[in-house]
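Source file: input.cif (mmCIF, C-alpha atoms and all ligand atoms)
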```cif
data_start
#
loop_
_atom_site.label_atom_id
_atom_site.label_comp_id
_atom_site.auth_asym_id
_atom_site.auth_seq_id
_atom_site.Cartn_x
_atom_site.Cartn_y
_atom_site.Cartn_z
CA MET A 134 0.00 0.00 0.00
CA GLU A 135 1.15 3.52 -0.77
CA CYS A 136 0.59 6.71 1.19
CA ASN A 137 -2.20 8.79 -0.39
CA ARG A 138 -0.22 11.96 0.17
CA CYS A 139 3.46 11.29 -0.58
CA GLY A 140 3.34 7.94 -2.38
CA LYS A 141 5.82 6.25 -0.07
CA LYS A 142 5.24 2.73 1.17
CA SER A 143 2.77 2.72 4.03
CA SER A 144 0.66 0.26 5.99
CA ASP A 145 -2.15 2.81 6.10
CA GLU A 146 -3.82 5.36 3.83
CA LEU A 147 -1.41 7.92 5.24
CA CYS A 148 2.17 7.18 6.32
CA ASP A 149 3.27 8.17 9.84
CA ASN A 150 4.95 11.34 8.58
CA CYS A 151 1.96 12.54 6.59
CA LEU A 152 -0.50 11.66 9.34
CA THR A 153 1.32 13.82 11.88
CA GLU A 154 1.67 16.63 9.35
CA VAL A 155 -2.01 16.50 8.43
CA ILE A 156 -3.21 16.50 12.05
CA GLU A 157 -0.91 19.38 12.96
CA LYS A 158 -1.93 21.33 9.87
CA ARG A 159 -5.62 20.92 10.71
CA ALA A 160 -5.00 22.04 14.29
CA LYS A 161 -2.99 25.05 13.08
CA LYS A 162 -5.82 25.99 10.76
CA ALA A 163 -8.40 25.70 13.56
CA ILE A 164 -6.24 27.87 15.84
CA ALA A 165 -5.74 30.52 13.15
CA LYS A 166 -9.39 30.49 12.11
CA ALA A 167 -10.62 31.06 15.66
CA GLY A 168 -7.75 33.43 16.42
CA ILE A 169 -6.72 31.58 19.55
CA THR A 170 -3.84 33.14 21.44
CA ASN A 171 -4.82 32.18 24.94
CA ALA A 172 -6.48 28.90 25.80
CA ALA A 173 -7.11 26.27 28.40
CA VAL A 174 -7.52 22.69 27.33
CA GLU A 175 -10.23 20.45 28.71
CA ASP A 176 -7.77 17.61 29.25
CA ASP A 177 -9.22 14.67 31.12
CA GLY A 178 -6.23 12.43 30.46
CA SER A 179 -7.93 10.67 27.56
CA CYS A 180 -6.16 10.25 24.24
CA GLU A 181 -8.16 13.11 22.71
CA GLY A 182 -7.49 15.32 25.72
CA ARG A 183 -3.74 14.60 25.80
CA VAL A 184 -3.36 15.13 22.05
CA SER A 185 -5.29 18.42 22.28
CA SER A 186 -2.96 19.59 25.06
CA TYR A 187 0.12 18.53 23.11
CA LEU A 188 -1.03 20.35 19.98
CA ALA A 189 -2.10 23.46 21.89
CA GLU A 190 1.27 23.66 23.65
CA ARG A 191 3.16 23.29 20.42
CA LEU A 192 1.04 25.41 18.13
CA ILE A 193 -0.39 28.31 20.09
CA SER A 194 2.07 31.14 20.31
CA ALA A 195 2.59 32.01 23.92
CA LYS A 196 3.81 35.49 23.09
CA LYS A 197 0.37 36.99 22.97
CA ALA A 198 -0.97 35.01 25.90
CA LYS A 199 -3.15 36.71 28.48
CA LYS A 200 -4.44 39.05 25.83
CA GLY A 201 -7.64 38.64 23.95
CA ARG A 202 -10.32 36.08 24.60
CA ASN A 203 -9.77 33.08 26.77
CA TRP A 204 -10.59 29.99 24.81
CA LEU A 205 -11.50 26.59 26.06
CA ILE A 206 -10.23 23.84 23.81
CA VAL A 207 -12.40 20.76 24.03
CA PRO A 208 -11.15 17.32 22.94
CA GLU A 209 -13.65 16.63 20.18
CA THR A 210 -12.75 14.60 17.12
CA ALA A 211 -14.74 14.35 13.92
CA ASP A 212 -16.40 11.25 15.40
CA ARG A 213 -17.58 13.25 18.38
CA LYS A 214 -18.94 15.95 16.07
CA ALA A 215 -20.86 13.22 14.28
CA GLU A 216 -22.25 12.02 17.56
CA LYS A 217 -23.34 15.52 18.44
CA LEU A 218 -25.17 15.74 15.15
CA LEU A 219 -26.93 12.48 15.84
CA GLU A 220 -27.81 13.58 19.35
CA LYS A 221 -29.27 16.74 17.92
CA MET A 222 -31.29 14.72 15.44
CA LEU A 223 -32.55 12.52 18.25
CA GLU A 224 -33.13 15.68 20.30
CA SER A 225 -31.75 14.05 23.37
CA LYS A 226 -29.28 16.80 24.08
CA SER A 227 -28.66 20.43 23.43
CA THR A 228 -25.62 20.81 21.22
CA ARG A 229 -25.21 24.53 21.40
CA GLU A 230 -21.56 25.37 21.83
CA LYS A 231 -20.31 28.06 24.11
CA PRO A 232 -18.92 31.03 22.18
CA ASN A 233 -15.34 30.65 23.40
CA GLN A 234 -15.24 26.91 23.07
CA THR A 235 -13.66 25.09 20.18
CA SER A 236 -11.80 21.93 19.24
CA ILE A 237 -8.54 21.73 17.34
CA ILE A 238 -8.97 18.06 16.43
CA SER A 239 -12.50 18.28 15.07
CA GLU A 240 -11.31 17.68 11.49
CA SER A 241 -9.60 14.45 12.48
CA MET A 242 -11.15 11.06 13.10
CA SER A 243 -10.61 9.37 16.47
CA GLU A 244 -8.57 6.62 14.81
CA GLU A 245 -6.19 9.23 13.39
CA VAL A 246 -5.83 10.90 16.78
CA PHE A 247 -5.01 7.52 18.37
CA ARG A 248 -2.35 6.89 15.73
CA TYR A 249 -0.98 10.38 16.22
CA ALA A 250 -0.60 9.75 19.97
CA LYS A 251 1.22 6.50 19.22
CA ILE A 252 3.60 8.11 16.71
CA ARG A 253 4.32 11.09 18.96
CA LYS A 254 4.57 8.80 22.02
CA ILE A 255 1.94 10.77 23.92
CA LYS A 256 0.86 8.90 27.02
CA TYR A 257 -2.80 8.85 27.98
CA ASN A 258 -5.24 7.11 30.25
CA LYS A 259 -6.62 4.17 28.32
CA HIS A 260 -9.56 3.88 30.70
CA LYS A 261 -10.74 7.37 29.80
CA GLU A 262 -12.48 6.69 26.56
CA HIS A 263 -15.22 8.93 25.32
CA LYS A 264 -17.89 6.29 24.90
CA THR A 265 -21.40 7.52 25.21
CA ASP A 266 -24.59 5.70 24.24
CA THR A 267 -24.41 7.56 20.94
CA THR A 268 -20.87 6.25 20.35
CA LYS A 269 -22.13 2.72 20.80
CA LEU A 270 -25.08 3.42 18.51
CA ILE A 271 -22.77 4.77 15.79
CA GLU A 272 -20.50 1.72 16.14
CA LYS A 273 -23.53 -0.53 15.66
CA LEU A 274 -24.64 1.46 12.62
CA GLU A 275 -21.13 1.32 11.17
CA LYS A 276 -21.17 -2.46 11.46
CA SER A 277 -24.39 -2.85 9.51
CA HIS A 278 -23.91 0.13 7.17
CA LYS A 279 -20.26 0.72 6.44
CA GLY A 280 -19.43 4.39 5.89
CA THR A 281 -22.01 5.73 8.36
CA LYS A 282 -19.34 7.15 10.63
CA THR A 283 -17.55 9.05 7.88
CA ALA A 284 -20.80 10.35 6.40
CA LEU A 285 -22.00 11.58 9.78
CA ALA A 286 -18.63 13.15 10.57
CA LYS A 287 -18.73 14.98 7.27
CA ALA A 288 -22.25 16.25 7.91
CA GLY A 289 -21.27 17.19 11.46
CA ARG A 290 -18.40 19.28 10.18
CA GLN A 291 -20.67 21.28 7.90
CA LEU A 292 -23.08 21.82 10.74
CA LYS A 293 -21.60 23.96 13.44
ZN ZN B 1 3.10 10.00 3.28
#
```
If you convert what's in this file into structure tokens, what do you get?
Amino acid sequence: MECNRCGKKSSDELCDNCLTEVIEKRAKKAIAKAGITNAAVEDDGSCEGRVSSYLAERLISAKKAKKGRNWLIVPETADRKAEKLLEKMLESKSTREKPNQTSIISESMSEEVFRYAKIRKIKYNKHKEHKTDTTKLIEKLEKSHKGTKTALAKAGRQLK
């Protein structure tokens, strides 16, 4: 198998190098788009939380810290966005986001974030997995209708 991005031999759609580059690029874009200069990360020790902290530390320029809005970075992957969309459709939860709250991994799938943590050797609490009833429902749907997860994630991204 070849990497979709650079064409080098890879065991996955993206090689390790490209995967880290892509995830960091997406995070950079999210930070620039929101104009984040000062942020706290909702880091619960989970893989998503640890990766969000790692990216925030590396990518947010500390120079301008303490000025401007205080952001809260939440550890939400594309999968989680998809879940939120489904929850909204099922009207079981309010999905309104707080104005100063954003995620810098919302363009990435959970699987990619797990791989990123492995490549970058980021340690996390394996018992802290974000598994809600909706997660389980999506996993069931994915089993019977392959592609559900990606389709929902895509729709969730368009819907903010
Ligand atoms: Zn590559």
Q) Taking (-3.1, 3.3, 3.2) in the file's coordinates as the center, which residues reach within 9 Å of it, counting all atoms listed in the file, put as a list of chain:residue names? A)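 Taken together, the residues in range are A:Met134, A:Glu135, A:Cys136, A:Asn137, A:Lys142, A:Ser143, A:Ser144, A:Asp145, A:Glu146, A:Leu147, A:Cys148.
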Which residues come within 12 Å of Lys256 (chain A), counting all atoms listed in the file, excluding same-chain residues fewer than 6 positions away, as a CSV table (one decimal) with C-alpha atoms, in the frame of the given file?
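Everything below was put into part10.csv:
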```
chain,number,residue,atom,x,y,z
A,178,GLY,CA,-6.2,12.4,30.5
A,179,SER,CA,-7.9,10.7,27.6
A,180,CYS,CA,-6.2,10.2,24.2
A,181,GLU,CA,-8.2,13.1,22.7
A,182,GLY,CA,-7.5,15.3,25.7
A,183,ARG,CA,-3.7,14.6,25.8
A,184,VAL,CA,-3.4,15.1,22.0
A,186,SER,CA,-3.0,19.6,25.1
A,187,TYR,CA,0.1,18.5,23.1
A,247,PHE,CA,-5.0,7.5,18.4
A,248,ARG,CA,-2.4,6.9,15.7
A,249,TYR,CA,-1.0,10.4,16.2
A,250,ALA,CA,-0.6,9.8,20.0
```
Q.
Between CA of Lys161 (chain A) and CA of Leu192 (chain A), what is the distance in Å, rounded to a tenth?
A. 6.5 Å
Q: Using only C-alpha atoms and all ligand atoms, find the one residue out of A:Asn203, A:Asn171, A:Ser185, A:Asn150 that sits nearest to ligand ZN 1 (chain B).
A: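 Smallest distance to ligand ZN 1 (chain B) is found for A:Asn150.
Here CA of Lys162 (chain A) is placed at a distance of 29.0 Å from CA of Glu275 (chain A).
Take CA of Glu175 (chain A) and CA of Arg191 (chain A): the distance between them is 16.0 Å.
Considering the residues A:Leu270, A:Ile169, A:Ile193, A:Ile156 and counting only C-alpha atoms, Thr210 (chain A) has its shortest atom-to-atom contact with A:Ile156.
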**Q.** Non-local contacts of region 262-268 of chain A (12 Å; all atoms listed in the file; under 6 positions in same chain excluded) as JSON, numbers by chain
**A.** {"A": [177, 178, 179, 180, 181, 182, 183, 208, 209, 210, 212, 213, 214, 215, 216, 217, 218, 219, 220, 221, 222, 223, 224, 225, 226, 243, 247, 274, 275, 282, 285]}
**Q.** Pick from A:Arg159, A:Lys231, A:Lys287, A:Lys141 nearest to ligand ZN 1 (chain B), counting all atoms listed in the file
**A.** A:Lys141
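Neighbours of Ala163 (chain A) closer than or equal to 12 Å, with all atoms listed in the file counted and sequence neighbours fewer than 6 positions away skipped, come out as Ile156, Glu157, Ile169, Thr170, Ser185, Leu188, Ala189, Leu192, Ile193, Ile206, Gln234, Thr235, Ser236, Ile237, Ile238, Ser239, Glu240 and Ser241 of chain A.
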Q: Tell me which of A:Glu244, A:Asp176, A:Asp149, A:Glu272 sits closest to ligand ZN 1 (chain B), counting all atoms listed in the file.
A: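 Checking each candidate against ligand ZN 1 (chain B), we get A:Asp149 as the closest.
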Q) For Trp204 (chain A), which residue among A:Asn233, A:Glu190, A:Cys151, A:Lys166 is the nearest when counting all atoms listed in the file? A)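 The closest residue to Trp204 (chain A) is A:Asn233.
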Q. For Ala165 (chain A), which residue out of A:Ala288, A:Ile252, A:Gly140, A:Ser194 is the nearest one, using all atoms listed in the file?
A. A:Ser194
Take every atom of region 213-218 of chain A listed in the file, pad by 3 Å on each side, and give me the axis-aligned box centre and edge lengths in Å, one decimal, as JSON.
```
{"center_x": -21.4, "center_y": 14.0, "center_z": 16.4, "size_x": 13.6, "size_y": 9.9, "size_z": 10.2}
```
